[in-house]
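Let me begin by presenting the structure, written as structure tokens, before commenting on it.
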Protein chains: 2
Amino acid sequence: MQIIINPVKDKWPGIIKRPAISHDSLQEIVEQIVNDVKQNGDEAVKKYNLKFDGVEQGSIQVSEQEFLEADYLVSDELKKAIVMARGNIEKFHMAQFEETRKIETSPGVFCWRKSVPISKVGLYIPGGTAPLFSTLLMLGIPAMMAGCNIINVCTPPGKDGKINPVILFVAKMLGLKSVYKTGGVQAIAAMAYGTSSIPAVYKIFGPGNQFVTAAKQRVSMDGIAIDMPAGPSEIAIYADATADPSFVASDLLSQAEHGADSQVLLVASSREIIEKVQAQVSFQVKNLSRKEIISQSLQNSRFIVMEGIEDAFELLNAYAPEHLVIASQDAEQLADKVVNAGSVFLGHYAPESAGDYASGTNHTLPTNGFANTYSGVSLDSFMKKITFQQLTREGLTGLSVAIQAMAEAEGLDAHARSVSIRLTQ
Amino acid sequence: MQIIINPVKDKWPGIIKRPAISHDSLQEIVEQIVNDVKQNGDEAVKKYNLKFDGVEQGSIQVSEQEFLEADYLVSDELKKAIVMARGNIEKFHMAQFEETRKIETSPGVFCWRKSVPISKVGLYIPGGTAPLFSTLLMLGIPAMMAGCNIINVCTPPGKDGKINPVILFVAKMLGLKSVYKTGGVQAIAAMAYGTSSIPAVYKIFGPGNQFVTAAKQRVSMDGIAIDMPAGPSEIAIYADATADPSFVASDLLSQAEHGADSQVLLVASSREIIEKVQAQVSFQVKNLSRKEIISQSLQNSRFIVMEGIEDAFELLNAYAPEHLVIASQDAEQLADKVVNAGSVFLGHYAPESAGDYASGTNHTLPTNGFANTYSGVSLDSFMKKITFQQLTREGLTGLSVAIQAMAEAEGLDAHARSVSIRLTQ
């Protein structure tokens with residue numbers, strides 16, 4: 001943990017710098033697996049599933065039987081929790097539907113946009129140390145709501161060849177029938193180019209390790225869209241004198257447990273707050289099961305005293321965190337100062353874990369500073385907007401002088417002619 | 001021109017196939033220029049401006065004097081046309097602002113999204129055979145409207161070292177003060193990494209030739225966002241017996257004049273229509289100034305008879321054209337069948353050139369089949385959405401059982417703890 005007091009602006013770039021992530025060293029192996037899957041399809045997928053996940057596979061696709069088995073293994077309590085979360089996520093994403101509105105830009109000139117689902121999408125759900133069924137809720141709900149026709153779910157099987165039962169329960173509950181037992185580069189390549197088992201898609205969503213990220217970047221060069229560039233998960237917290245240090249510490253810890261590469265940044269209005277939070281971190285960490293991971297990720301954390309509130313938010317905006325907690329009784333007013341962040345948690349009763357699971361917002365968010373440019377996943381991510389226009393003869397007449405003057409100035413006389421020919425008949 | 005009658009589905013992939021565009025051969029030179037600009041900044045930019053555009057430069061940035069000179073050179077008629085187009089484009093894009101709406105997903109749980117401008121953007125305006133000041137309208141208007149702080153405009157100078165005066169007039173009119181006289185790979189690299197003259201940006205917009213496209217793709221690997229992948233411009237037209245063949249021909253020609261690589265696809269409900277359109281094309285082309293380019297691009301055009309209307313639109317959706325004209329008196333009903341297209345022109349009085357210049361829709365649209373996944377440029381392209389959430393104590397209490405059950409099932413007990421600690425005090 002590094003403590004920094006009222007840093008001058010020259011020091012900011014160093015403070016907000018993320019560890020450099022280079023995928024260069026992975027490129028060769030990613031390229032090889034991608035090409036193998038492109039050429040050899042399912043056979044290559046199974047080969048890498050055996051090699052990396054130690055799984056000898058029959059069918060790659062999850063069977064009805066496997067869905068049924070999984071259903072027995074999930075407790076009613078957890079099912080109830082998931083159904084509750086689903087309700088909130090649906091409610092928030094449903095409000096993102098945009099109604100088509102015809103705009104009459106000039107008399108007789110009508111223009112509008114229509115949202116249409118991307119017909120084929122792929123969702124990647126990582127396995128690893130924590131099976132993230134919540135990510136399947138966050139991606140599967142808007143995908144189904146948008147009305148995508150083909151929705152592939154790929155997730156790596158465990159050593160026993162099985163998918164985490166909660167992931168299968170969520171898939172079945174959402175109506176996602178096409179779940180494939182494969183992860184890593186081979187899963188991304190299979191969804192990008194298609195195999196006999198796994199249909200090709202236009203856009204691939206979901207988090208993953210460095211190999212998955214490099215694979216998504218690689219297939220994007222071939223025109224497959226991806227949700228966003230990805231890096232390790234991160235949180236920034238602003239805490240003032242009204243913050244409860246034990247709450248702040250618990251939020252820092254919940255971020256830190258994600259992985260050894262998680263990023264944690266605390267900006268506080270006084271040194272005293274930082275000292276209290278540190279004491280709470282030391283106290284709370286003892287009883288946590290992932291304390292090894294936490295202590296690793298806390299080594300990279302930065303605790304910064306910023307006495308000026310404007311400076312504090314300027315620094316936070318420069319950092320552009322994935323998650324931003326504003327631990328202050330003035331959180332709502334301070335929220336106006338936020339211009340770069342993925343998702344913002346206001347006040348004392350909005351821990352990051354609310355948004356991770358159940359408040360309704362999406363938890364698939366831009367990391368690595370990309371919150372300055374990218375939005376998190378939303379219903380929009382699964383749709384595209386087509387513009388339409390319809391003109392009456394009078395409408396075209398009204399625009400004709402302008403179109404013809406501009407087309408001629410651009411040296412495009414066929415453009416001008418396509419107007420005049422319509423109006424001289 | 002190739003005529004195809006009622007093709008069976010097996011033949012469709014061949015019919016809708018675009019010429020393969022490979023940037024591989026350009027990669028080495030793009031990489032070299034990008035690295036040179038990254039290391040040597042303005043000096044490298046000027047070197048390549050001299051090498052490729054034959055321009056010996058003083059300042060890269062357009063001066064106030066140059067803006068004033070340009071203003072004298074643009075006719076009042078053209079200025080009036082541009083002001084008219086601007087009004088319509090502003091009206092349509094203004095309607096794209098989204099109001100912030102707080103959603104109470106559960107009692108005491110409030111979630112909302114706020115649209116915030118991307119603070120630094122770059123607009124690339126190609127030079128070449130036609131100086132596309134209309135593209136500056138289409139990119140500059142939403143960029144200014146979104147409220148982006150830094151808006152770079154890069155466009156290549158002519159042999160005389162000057163920028164087309166209409167481009168400078170449009171820039172000044174829109175309030176775009178930072179216009180830089182550079183094009184090609186060096187302009188993209190300068191905007192991506194910054195030089196002493198040209199500030200670095202987060203997202204780069206605009207069309208360009210194969211080098212520009214390859215450069216955008218290259219810098220996107222370093223985390224610079226780009227508007228969309230690009231290919232040659234294209235149109236598809238659906239014409240039934242109610243279409244006027246002379247109008248249809250004029251639309252085909254206006255697309256064909258963009259460049260020798262432009263794509264033209266006509267789907268008609270009978271052979272008779274195609275023959276009439278062909279006769280009109282031959283007749284109309286004679287008087288056009290860009291007939292060389294047109295005859296080249298028409299060589300790649302495809303005229304397809306599709307008697308079944310469902311098949312016709314299935315084929316058109318599979319093609320996913322940048323521009324789709326529905327030349328039919330039933331255009332509005334047929335519009336419902338469109339699921340993949342950039343922008344759609346309905347009926348007899350909506351030529352593509354209306355949308356290119358003045359109706360209000362944006363003309364920066366997905367090409368090369370990417371309309372199946374991407375939207376055209378809109379106000380959204382210059383903003384990102386941040387999610388916010390605020391919970392009352394009661395709100396968090398209501399979610400607590402669900403969050404804790406899910407966090408524990410994912411093995412993340414610090415997540416669970418960040419809820420319980422808030423509710424036990």
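Identifiers for the structure tokens are assigned positionally: chains receive A, B, ... in sequence, residues are indexed from 1 per chain, and ligands are indexed from 1 in the order shown.
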
Compute the set of chain A residues within 6 Å of chain B, using only C-alpha atoms, and express it as a ChimeraX atom specification.
/A:78,81,88,105,118,130-131,250-251,254,342-346,349-350,353,357,373-375,384-393,402-403,405,410-411,414-415,418

Please, could you write that set of residues out with N, CA, C and O atoms as a compact mmCIF listing (two decimals), in the first residue's frame?
```
# COMPACT_ATOMS: atom_id res chain seq x y z
N LEU A 78 -30.44 -20.05 -3.37
CA LEU A 78 -29.67 -19.38 -4.41
C LEU A 78 -30.56 -19.08 -5.62
O LEU A 78 -30.47 -18.01 -6.22
N ALA A 81 -32.48 -16.03 -4.95
CA ALA A 81 -31.62 -14.85 -5.04
C ALA A 81 -31.43 -14.45 -6.50
O ALA A 81 -31.52 -13.27 -6.87
N ASN A 88 -34.48 -7.22 -11.15
CA ASN A 88 -33.94 -5.86 -11.15
C ASN A 88 -33.14 -5.56 -12.41
O ASN A 88 -33.22 -4.46 -12.96
N THR A 105 -37.52 16.95 -40.20
CA THR A 105 -36.40 17.91 -40.14
C THR A 105 -36.68 19.15 -40.99
O THR A 105 -36.25 20.24 -40.65
N ILE A 118 -28.76 -7.37 -33.02
CA ILE A 118 -27.67 -8.05 -33.74
C ILE A 118 -28.05 -9.52 -33.73
O ILE A 118 -28.27 -10.10 -32.66
N ALA A 130 -13.32 -18.27 -9.59
CA ALA A 130 -14.71 -18.03 -9.19
C ALA A 130 -15.61 -18.20 -10.42
O ALA A 130 -15.40 -17.54 -11.42
N PRO A 131 -16.59 -19.13 -10.38
CA PRO A 131 -17.46 -19.33 -11.54
C PRO A 131 -18.48 -18.20 -11.62
O PRO A 131 -19.37 -18.10 -10.78
N SER A 250 -14.42 -2.36 3.51
CA SER A 250 -15.09 -3.56 2.97
C SER A 250 -15.22 -3.49 1.45
O SER A 250 -15.14 -4.51 0.76
N ASP A 251 -15.39 -2.28 0.92
CA ASP A 251 -15.46 -2.13 -0.53
C ASP A 251 -14.11 -2.37 -1.19
O ASP A 251 -14.00 -3.01 -2.23
N SER A 254 -13.54 -6.05 -1.18
CA SER A 254 -14.35 -6.83 -2.13
C SER A 254 -13.80 -6.68 -3.54
O SER A 254 -13.86 -7.61 -4.33
N GLY A 342 -17.01 3.85 -15.12
CA GLY A 342 -17.92 2.84 -15.66
C GLY A 342 -19.25 2.89 -14.93
O GLY A 342 -20.29 3.15 -15.51
N SER A 343 -19.22 2.66 -13.61
CA SER A 343 -20.43 2.69 -12.80
C SER A 343 -20.10 3.35 -11.47
O SER A 343 -19.02 3.14 -10.91
N VAL A 344 -21.04 4.15 -10.98
CA VAL A 344 -20.78 4.97 -9.80
C VAL A 344 -21.76 4.60 -8.69
O VAL A 344 -22.96 4.44 -8.93
N PHE A 345 -21.24 4.46 -7.47
CA PHE A 345 -22.00 4.00 -6.32
C PHE A 345 -22.06 5.14 -5.31
O PHE A 345 -21.02 5.58 -4.82
N LEU A 346 -23.27 5.60 -5.03
CA LEU A 346 -23.43 6.84 -4.27
C LEU A 346 -23.88 6.62 -2.84
O LEU A 346 -24.89 5.94 -2.60
N TYR A 349 -24.81 3.37 1.45
CA TYR A 349 -25.49 2.07 1.34
C TYR A 349 -25.48 1.50 -0.08
O TYR A 349 -26.33 0.72 -0.46
N ALA A 350 -24.48 1.93 -0.85
CA ALA A 350 -24.35 1.41 -2.21
C ALA A 350 -22.98 0.76 -2.40
O ALA A 350 -22.11 1.29 -3.06
N SER A 353 -20.78 -4.37 -4.50
CA SER A 353 -21.40 -5.69 -4.69
C SER A 353 -22.89 -5.60 -5.02
O SER A 353 -23.45 -6.51 -5.62
N TYR A 357 -24.26 -7.65 -8.51
CA TYR A 357 -25.22 -8.74 -8.51
C TYR A 357 -26.67 -8.35 -8.75
O TYR A 357 -27.36 -9.00 -9.54
N THR A 373 -13.90 6.59 -22.70
CA THR A 373 -14.39 6.49 -24.08
C THR A 373 -15.55 5.51 -24.22
O THR A 373 -16.46 5.73 -25.03
N TYR A 374 -15.52 4.42 -23.48
CA TYR A 374 -16.50 3.36 -23.63
C TYR A 374 -17.56 3.37 -22.53
O TYR A 374 -17.27 3.76 -21.40
N SER A 375 -18.76 2.90 -22.87
CA SER A 375 -19.80 2.65 -21.89
C SER A 375 -19.72 1.19 -21.48
O SER A 375 -19.17 0.36 -22.21
N LYS A 384 -28.25 -2.64 -33.05
CA LYS A 384 -27.69 -1.53 -33.81
C LYS A 384 -28.86 -0.68 -34.24
O LYS A 384 -30.01 -1.14 -34.23
N LYS A 385 -28.57 0.54 -34.65
CA LYS A 385 -29.65 1.45 -35.03
C LYS A 385 -29.58 1.73 -36.53
O LYS A 385 -28.53 2.13 -37.04
N ILE A 386 -30.68 1.51 -37.19
CA ILE A 386 -30.76 1.79 -38.63
C ILE A 386 -31.49 3.12 -38.79
O ILE A 386 -32.53 3.33 -38.16
N THR A 387 -30.95 4.02 -39.62
CA THR A 387 -31.70 5.26 -39.89
C THR A 387 -32.58 5.06 -41.12
O THR A 387 -32.24 4.32 -42.04
N PHE A 388 -33.72 5.70 -41.09
CA PHE A 388 -34.67 5.66 -42.22
C PHE A 388 -35.00 7.08 -42.61
O PHE A 388 -35.00 7.99 -41.76
N GLN A 389 -35.31 7.28 -43.87
CA GLN A 389 -35.85 8.57 -44.27
C GLN A 389 -36.87 8.41 -45.37
O GLN A 389 -36.77 7.53 -46.22
N GLN A 390 -37.88 9.26 -45.27
CA GLN A 390 -38.92 9.26 -46.27
C GLN A 390 -39.21 10.71 -46.61
O GLN A 390 -39.35 11.55 -45.71
N LEU A 391 -39.25 11.00 -47.91
CA LEU A 391 -39.48 12.39 -48.33
C LEU A 391 -40.69 12.44 -49.24
O LEU A 391 -40.86 11.57 -50.11
N THR A 392 -41.50 13.45 -49.07
CA THR A 392 -42.54 13.70 -50.06
C THR A 392 -41.88 14.46 -51.22
O THR A 392 -40.74 14.93 -51.11
N ARG A 393 -42.61 14.59 -52.33
CA ARG A 393 -42.07 15.35 -53.47
C ARG A 393 -41.75 16.78 -53.02
O ARG A 393 -40.72 17.34 -53.36
N ALA A 402 -30.17 22.97 -51.97
CA ALA A 402 -29.03 22.70 -51.09
C ALA A 402 -28.26 21.46 -51.54
O ALA A 402 -27.03 21.48 -51.65
N ILE A 403 -28.98 20.38 -51.81
CA ILE A 403 -28.29 19.13 -52.21
C ILE A 403 -27.48 19.37 -53.48
O ILE A 403 -26.32 18.97 -53.58
N ALA A 405 -26.32 22.15 -54.81
CA ALA A 405 -25.17 23.04 -54.63
C ALA A 405 -24.01 22.30 -53.95
O ALA A 405 -22.85 22.42 -54.35
N GLU A 410 -18.78 19.32 -54.31
CA GLU A 410 -17.93 18.16 -54.03
C GLU A 410 -17.54 17.45 -55.32
O GLU A 410 -16.88 16.40 -55.28
N GLY A 411 -17.98 17.96 -56.45
CA GLY A 411 -17.62 17.35 -57.73
C GLY A 411 -18.40 16.09 -58.04
O GLY A 411 -17.95 15.25 -58.82
N ALA A 414 -23.48 13.27 -60.43
CA ALA A 414 -24.55 12.24 -60.45
C ALA A 414 -25.42 12.37 -59.20
O ALA A 414 -26.62 12.06 -59.22
N HIS A 415 -24.81 12.83 -58.09
CA HIS A 415 -25.60 13.06 -56.88
C HIS A 415 -26.63 14.16 -57.12
O HIS A 415 -27.79 14.05 -56.73
N SER A 418 -29.48 12.95 -59.41
CA SER A 418 -30.50 12.05 -58.85
C SER A 418 -31.63 12.85 -58.19
O SER A 418 -32.74 12.34 -57.99
```

Which residues, written as a compact mmCIF listing (two decimals) with all heavy atoms, in the first residue's frame, have at least one atom at most 12 Å from Pro126 (chain B), with only C-alpha atoms counted and residues fewer than 5 positions away on the same chain left out?
```txt
# COMPACT_ATOMS: atom_id res chain seq x y z
N GLU A 410 -18.78 19.32 -54.31
CA GLU A 410 -17.93 18.16 -54.03
C GLU A 410 -17.54 17.45 -55.32
O GLU A 410 -16.88 16.40 -55.28
CB GLU A 410 -18.63 17.18 -53.07
CG GLU A 410 -18.68 17.71 -51.64
CD GLU A 410 -19.10 16.67 -50.60
OE1 GLU A 410 -19.65 15.61 -50.99
OE2 GLU A 410 -18.89 16.91 -49.42
N PRO B 131 -13.38 16.67 -52.39
CA PRO B 131 -13.14 17.16 -51.02
C PRO B 131 -14.45 17.10 -50.23
O PRO B 131 -15.40 17.82 -50.50
CB PRO B 131 -12.72 18.62 -51.26
CG PRO B 131 -13.39 19.00 -52.54
CD PRO B 131 -13.58 17.76 -53.35
N LEU B 132 -14.51 16.19 -49.26
CA LEU B 132 -15.80 15.88 -48.64
C LEU B 132 -16.12 16.77 -47.45
O LEU B 132 -16.09 16.32 -46.30
CB LEU B 132 -15.86 14.40 -48.28
CG LEU B 132 -15.71 13.44 -49.47
CD1 LEU B 132 -15.80 12.00 -49.01
CD2 LEU B 132 -16.76 13.72 -50.54
N PHE B 133 -16.46 18.02 -47.73
CA PHE B 133 -16.84 18.90 -46.63
C PHE B 133 -18.12 18.42 -45.96
O PHE B 133 -18.36 18.68 -44.79
CB PHE B 133 -16.99 20.36 -47.10
CG PHE B 133 -18.03 20.57 -48.16
CD1 PHE B 133 -19.36 20.71 -47.82
CD2 PHE B 133 -17.68 20.59 -49.51
CE1 PHE B 133 -20.33 20.88 -48.81
CE2 PHE B 133 -18.63 20.77 -50.49
CZ PHE B 133 -19.97 20.91 -50.15
N SER B 134 -18.95 17.68 -46.69
CA SER B 134 -20.18 17.16 -46.08
C SER B 134 -19.85 16.20 -44.93
O SER B 134 -20.58 16.13 -43.94
CB SER B 134 -21.05 16.46 -47.12
OG SER B 134 -20.35 15.40 -47.74
N THR B 135 -18.73 15.48 -45.04
CA THR B 135 -18.34 14.58 -43.95
C THR B 135 -17.97 15.38 -42.70
O THR B 135 -18.22 14.93 -41.58
CB THR B 135 -17.16 13.69 -44.41
OG1 THR B 135 -17.62 12.89 -45.51
CG2 THR B 135 -16.70 12.75 -43.30
N LEU B 136 -17.42 16.57 -42.90
CA LEU B 136 -17.11 17.40 -41.74
C LEU B 136 -18.40 17.86 -41.04
O LEU B 136 -18.45 17.94 -39.81
CB LEU B 136 -16.24 18.59 -42.15
CG LEU B 136 -15.74 19.47 -40.99
CD1 LEU B 136 -15.04 18.65 -39.92
CD2 LEU B 136 -14.83 20.57 -41.50
N VAL B 153 -9.45 18.29 -36.19
CA VAL B 153 -9.81 17.95 -37.57
C VAL B 153 -8.52 17.81 -38.36
O VAL B 153 -7.71 18.74 -38.38
CB VAL B 153 -10.69 19.05 -38.21
CG1 VAL B 153 -11.03 18.69 -39.65
CG2 VAL B 153 -11.97 19.26 -37.40
N CYS B 154 -8.31 16.66 -38.97
CA CYS B 154 -7.14 16.48 -39.84
C CYS B 154 -7.62 16.24 -41.26
O CYS B 154 -8.52 15.42 -41.50
CB CYS B 154 -6.31 15.27 -39.40
SG CYS B 154 -5.23 15.61 -37.99
N THR B 155 -7.02 16.92 -42.21
CA THR B 155 -7.37 16.73 -43.62
C THR B 155 -6.16 17.08 -44.46
O THR B 155 -5.41 18.01 -44.13
CB THR B 155 -8.63 17.57 -43.97
OG1 THR B 155 -9.06 17.24 -45.29
CG2 THR B 155 -8.38 19.06 -43.87
N PRO B 156 -5.91 16.31 -45.52
CA PRO B 156 -4.69 16.54 -46.28
C PRO B 156 -4.76 17.82 -47.12
O PRO B 156 -5.80 18.11 -47.70
CB PRO B 156 -4.60 15.31 -47.18
CG PRO B 156 -5.98 14.77 -47.28
CD PRO B 156 -6.67 15.16 -46.01
N PRO B 157 -3.67 18.57 -47.18
CA PRO B 157 -3.64 19.76 -48.02
C PRO B 157 -3.46 19.36 -49.49
O PRO B 157 -2.99 18.27 -49.79
CB PRO B 157 -2.39 20.50 -47.53
CG PRO B 157 -1.49 19.42 -47.00
CD PRO B 157 -2.39 18.34 -46.48
N GLY B 158 -3.84 20.27 -50.39
CA GLY B 158 -3.55 20.06 -51.81
C GLY B 158 -2.08 20.34 -52.08
O GLY B 158 -1.33 20.70 -51.18
N ILE B 163 -5.87 23.88 -47.68
CA ILE B 163 -7.04 23.03 -47.46
C ILE B 163 -8.18 23.58 -48.32
O ILE B 163 -8.31 24.80 -48.48
CB ILE B 163 -7.47 23.10 -45.98
CG1 ILE B 163 -6.33 22.63 -45.06
CG2 ILE B 163 -8.73 22.28 -45.72
CD1 ILE B 163 -5.95 21.21 -45.21
N ASN B 164 -9.00 22.69 -48.82
CA ASN B 164 -10.18 23.11 -49.57
C ASN B 164 -10.96 24.15 -48.76
O ASN B 164 -11.27 23.94 -47.59
CB ASN B 164 -11.03 21.86 -49.82
CG ASN B 164 -12.31 22.17 -50.56
OD1 ASN B 164 -13.26 22.66 -49.96
ND2 ASN B 164 -12.32 21.92 -51.85
N ILE B 167 -14.12 23.21 -46.73
CA ILE B 167 -13.86 22.49 -45.47
C ILE B 167 -13.56 23.50 -44.37
O ILE B 167 -14.08 23.40 -43.26
CB ILE B 167 -12.70 21.48 -45.66
CG1 ILE B 167 -13.19 20.31 -46.54
CG2 ILE B 167 -12.18 20.98 -44.31
CD1 ILE B 167 -12.16 19.24 -46.81
N LYS B 181 -3.35 20.48 -41.20
CA LYS B 181 -3.11 20.17 -42.61
C LYS B 181 -2.27 18.92 -42.74
O LYS B 181 -1.06 18.99 -43.02
CB LYS B 181 -2.42 21.36 -43.26
CG LYS B 181 -3.30 22.60 -43.34
CD LYS B 181 -2.54 23.79 -43.93
CE LYS B 181 -1.74 24.50 -42.86
NZ LYS B 181 -1.08 25.73 -43.33
N THR B 182 -2.88 17.80 -42.52
CA THR B 182 -2.17 16.53 -42.70
C THR B 182 -3.19 15.43 -42.92
O THR B 182 -4.29 15.48 -42.37
CB THR B 182 -1.25 16.21 -41.51
OG1 THR B 182 -0.61 14.95 -41.74
CG2 THR B 182 -2.03 16.11 -40.19
N GLY B 183 -2.81 14.48 -43.75
CA GLY B 183 -3.72 13.36 -44.02
C GLY B 183 -2.98 12.04 -43.90
O GLY B 183 -1.85 12.00 -43.40
N GLY B 184 -3.63 10.97 -44.33
CA GLY B 184 -2.99 9.66 -44.40
C GLY B 184 -2.65 9.08 -43.04
O GLY B 184 -3.19 9.50 -42.00
N VAL B 185 -1.76 8.11 -43.07
CA VAL B 185 -1.36 7.39 -41.86
C VAL B 185 -0.78 8.34 -40.82
O VAL B 185 -1.05 8.22 -39.62
CB VAL B 185 -0.31 6.31 -42.21
CG1 VAL B 185 0.15 5.56 -40.96
CG2 VAL B 185 -0.87 5.33 -43.23
N ALA B 187 -1.55 11.39 -40.16
CA ALA B 187 -2.60 12.14 -39.44
C ALA B 187 -3.23 11.26 -38.36
O ALA B 187 -3.46 11.70 -37.23
CB ALA B 187 -3.67 12.60 -40.42
N ILE B 188 -3.51 10.01 -38.71
CA ILE B 188 -4.12 9.08 -37.74
C ILE B 188 -3.17 8.85 -36.57
O ILE B 188 -3.56 8.90 -35.39
CB ILE B 188 -4.49 7.74 -38.42
CG1 ILE B 188 -5.46 7.97 -39.60
CG2 ILE B 188 -5.06 6.76 -37.41
CD1 ILE B 188 -6.79 8.59 -39.26
N PHE B 205 -12.57 9.36 -35.75
CA PHE B 205 -13.70 9.16 -36.67
C PHE B 205 -13.29 9.50 -38.10
O PHE B 205 -12.41 10.33 -38.31
CB PHE B 205 -14.85 10.12 -36.31
CG PHE B 205 -15.47 9.87 -34.98
CD1 PHE B 205 -14.85 10.32 -33.83
CD2 PHE B 205 -16.67 9.19 -34.87
CE1 PHE B 205 -15.42 10.10 -32.57
CE2 PHE B 205 -17.26 8.97 -33.62
CZ PHE B 205 -16.62 9.42 -32.47
N GLY B 206 -14.03 8.94 -39.04
CA GLY B 206 -13.94 9.41 -40.41
C GLY B 206 -13.47 8.36 -41.40
O GLY B 206 -12.77 7.42 -41.05
N PRO B 207 -13.89 8.56 -42.64
CA PRO B 207 -13.55 7.62 -43.71
C PRO B 207 -12.15 7.91 -44.25
O PRO B 207 -11.53 8.90 -43.88
CB PRO B 207 -14.59 7.95 -44.78
CG PRO B 207 -14.87 9.41 -44.59
CD PRO B 207 -14.69 9.68 -43.12
N GLY B 208 -11.70 7.05 -45.13
CA GLY B 208 -10.39 7.27 -45.72
C GLY B 208 -10.04 6.14 -46.66
O GLY B 208 -10.81 5.18 -46.79
N ASN B 209 -8.90 6.25 -47.28
CA ASN B 209 -8.49 5.18 -48.20
C ASN B 209 -7.96 3.98 -47.40
O ASN B 209 -8.03 3.96 -46.17
CB ASN B 209 -7.45 5.71 -49.19
CG ASN B 209 -6.17 6.18 -48.48
OD1 ASN B 209 -5.91 5.84 -47.33
ND2 ASN B 209 -5.39 6.97 -49.19
N GLN B 210 -7.41 3.01 -48.12
CA GLN B 210 -6.96 1.79 -47.46
C GLN B 210 -5.86 2.05 -46.43
O GLN B 210 -5.78 1.37 -45.41
CB GLN B 210 -6.45 0.81 -48.50
CG GLN B 210 -7.55 0.30 -49.42
CD GLN B 210 -7.21 -1.05 -50.01
OE1 GLN B 210 -6.19 -1.64 -49.68
NE2 GLN B 210 -8.08 -1.57 -50.85
N PHE B 211 -5.02 3.04 -46.69
CA PHE B 211 -3.95 3.35 -45.73
C PHE B 211 -4.53 3.93 -44.44
O PHE B 211 -4.12 3.56 -43.35
CB PHE B 211 -2.95 4.35 -46.34
CG PHE B 211 -2.02 3.71 -47.33
CD1 PHE B 211 -2.30 3.73 -48.69
CD2 PHE B 211 -0.89 3.05 -46.90
CE1 PHE B 211 -1.45 3.13 -49.60
CE2 PHE B 211 -0.03 2.43 -47.80
CZ PHE B 211 -0.31 2.47 -49.16
N VAL B 212 -5.48 4.84 -44.60
CA VAL B 212 -6.11 5.45 -43.43
C VAL B 212 -6.84 4.38 -42.61
O VAL B 212 -6.75 4.34 -41.38
CB VAL B 212 -7.07 6.57 -43.88
CG1 VAL B 212 -7.94 7.05 -42.72
CG2 VAL B 212 -6.28 7.74 -44.48
N THR B 213 -7.56 3.51 -43.32
CA THR B 213 -8.29 2.44 -42.65
C THR B 213 -7.34 1.51 -41.90
O THR B 213 -7.58 1.16 -40.74
CB THR B 213 -9.10 1.65 -43.70
OG1 THR B 213 -10.00 2.56 -44.33
CG2 THR B 213 -9.88 0.52 -43.06
```

If you run DSSP on the backbone, which residues of region 244-422 of chain B are strand (DSSP E or B), as a ChimeraX atom specification?
/B:263-268,302-305,323-327,343-346,383-391

Output the selection as an mmCIF file, in the first residue's frame - C-alpha atoms for each residue.
```cif
data_model
loop_
_atom_site.group_PDB
_atom_site.id
_atom_site.type_symbol
_atom_site.label_atom_id
_atom_site.label_comp_id
_atom_site.auth_asym_id
_atom_site.auth_seq_id
_atom_site.Cartn_x
_atom_site.Cartn_y
_atom_site.Cartn_z
ATOM 1 C CA GLN B 263 -20.475 -1.457 -54.828
ATOM 2 C CA VAL B 264 -23.873 -1.444 -56.516
ATOM 3 C CA LEU B 265 -26.555 -4.109 -56.113
ATOM 4 C CA LEU B 266 -29.990 -3.935 -57.704
ATOM 5 C CA VAL B 267 -32.682 -6.393 -56.663
ATOM 6 C CA ALA B 268 -35.788 -6.144 -58.847
ATOM 7 C CA ARG B 302 -24.963 -7.024 -59.791
ATOM 8 C CA PHE B 303 -28.514 -6.897 -61.066
ATOM 9 C CA ILE B 304 -30.650 -9.625 -59.558
ATOM 10 C CA VAL B 305 -34.215 -10.653 -60.366
ATOM 11 C CA HIS B 323 -27.354 2.397 -48.177
ATOM 12 C CA LEU B 324 -30.643 0.722 -49.080
ATOM 13 C CA VAL B 325 -33.148 2.397 -51.380
ATOM 14 C CA ILE B 326 -36.644 0.883 -51.454
ATOM 15 C CA ALA B 327 -38.054 2.110 -54.737
ATOM 16 C CA SER B 343 -29.477 3.914 -43.767
ATOM 17 C CA VAL B 344 -32.703 3.250 -45.659
ATOM 18 C CA PHE B 345 -34.337 5.536 -48.261
ATOM 19 C CA LEU B 346 -38.044 5.017 -48.690
ATOM 20 C CA MET B 383 -20.620 10.114 -25.795
ATOM 21 C CA LYS B 384 -20.403 7.313 -23.324
ATOM 22 C CA LYS B 385 -22.957 6.385 -20.703
ATOM 23 C CA ILE B 386 -22.076 6.140 -17.046
ATOM 24 C CA THR B 387 -24.389 4.162 -14.760
ATOM 25 C CA PHE B 388 -25.152 5.449 -11.283
ATOM 26 C CA GLN B 389 -26.831 3.841 -8.337
ATOM 27 C CA GLN B 390 -28.001 5.076 -5.019
ATOM 28 C CA LEU B 391 -29.501 2.883 -2.324
#
```

Could you tell me, as a ChimeraX atom specification, which residues of region 2-197 of chain B DSSP assigns to alpha helix (DSSP H) when given the backbone?
/B:12-16,24-53,64-73,76-94,133-146,165-174,184-193
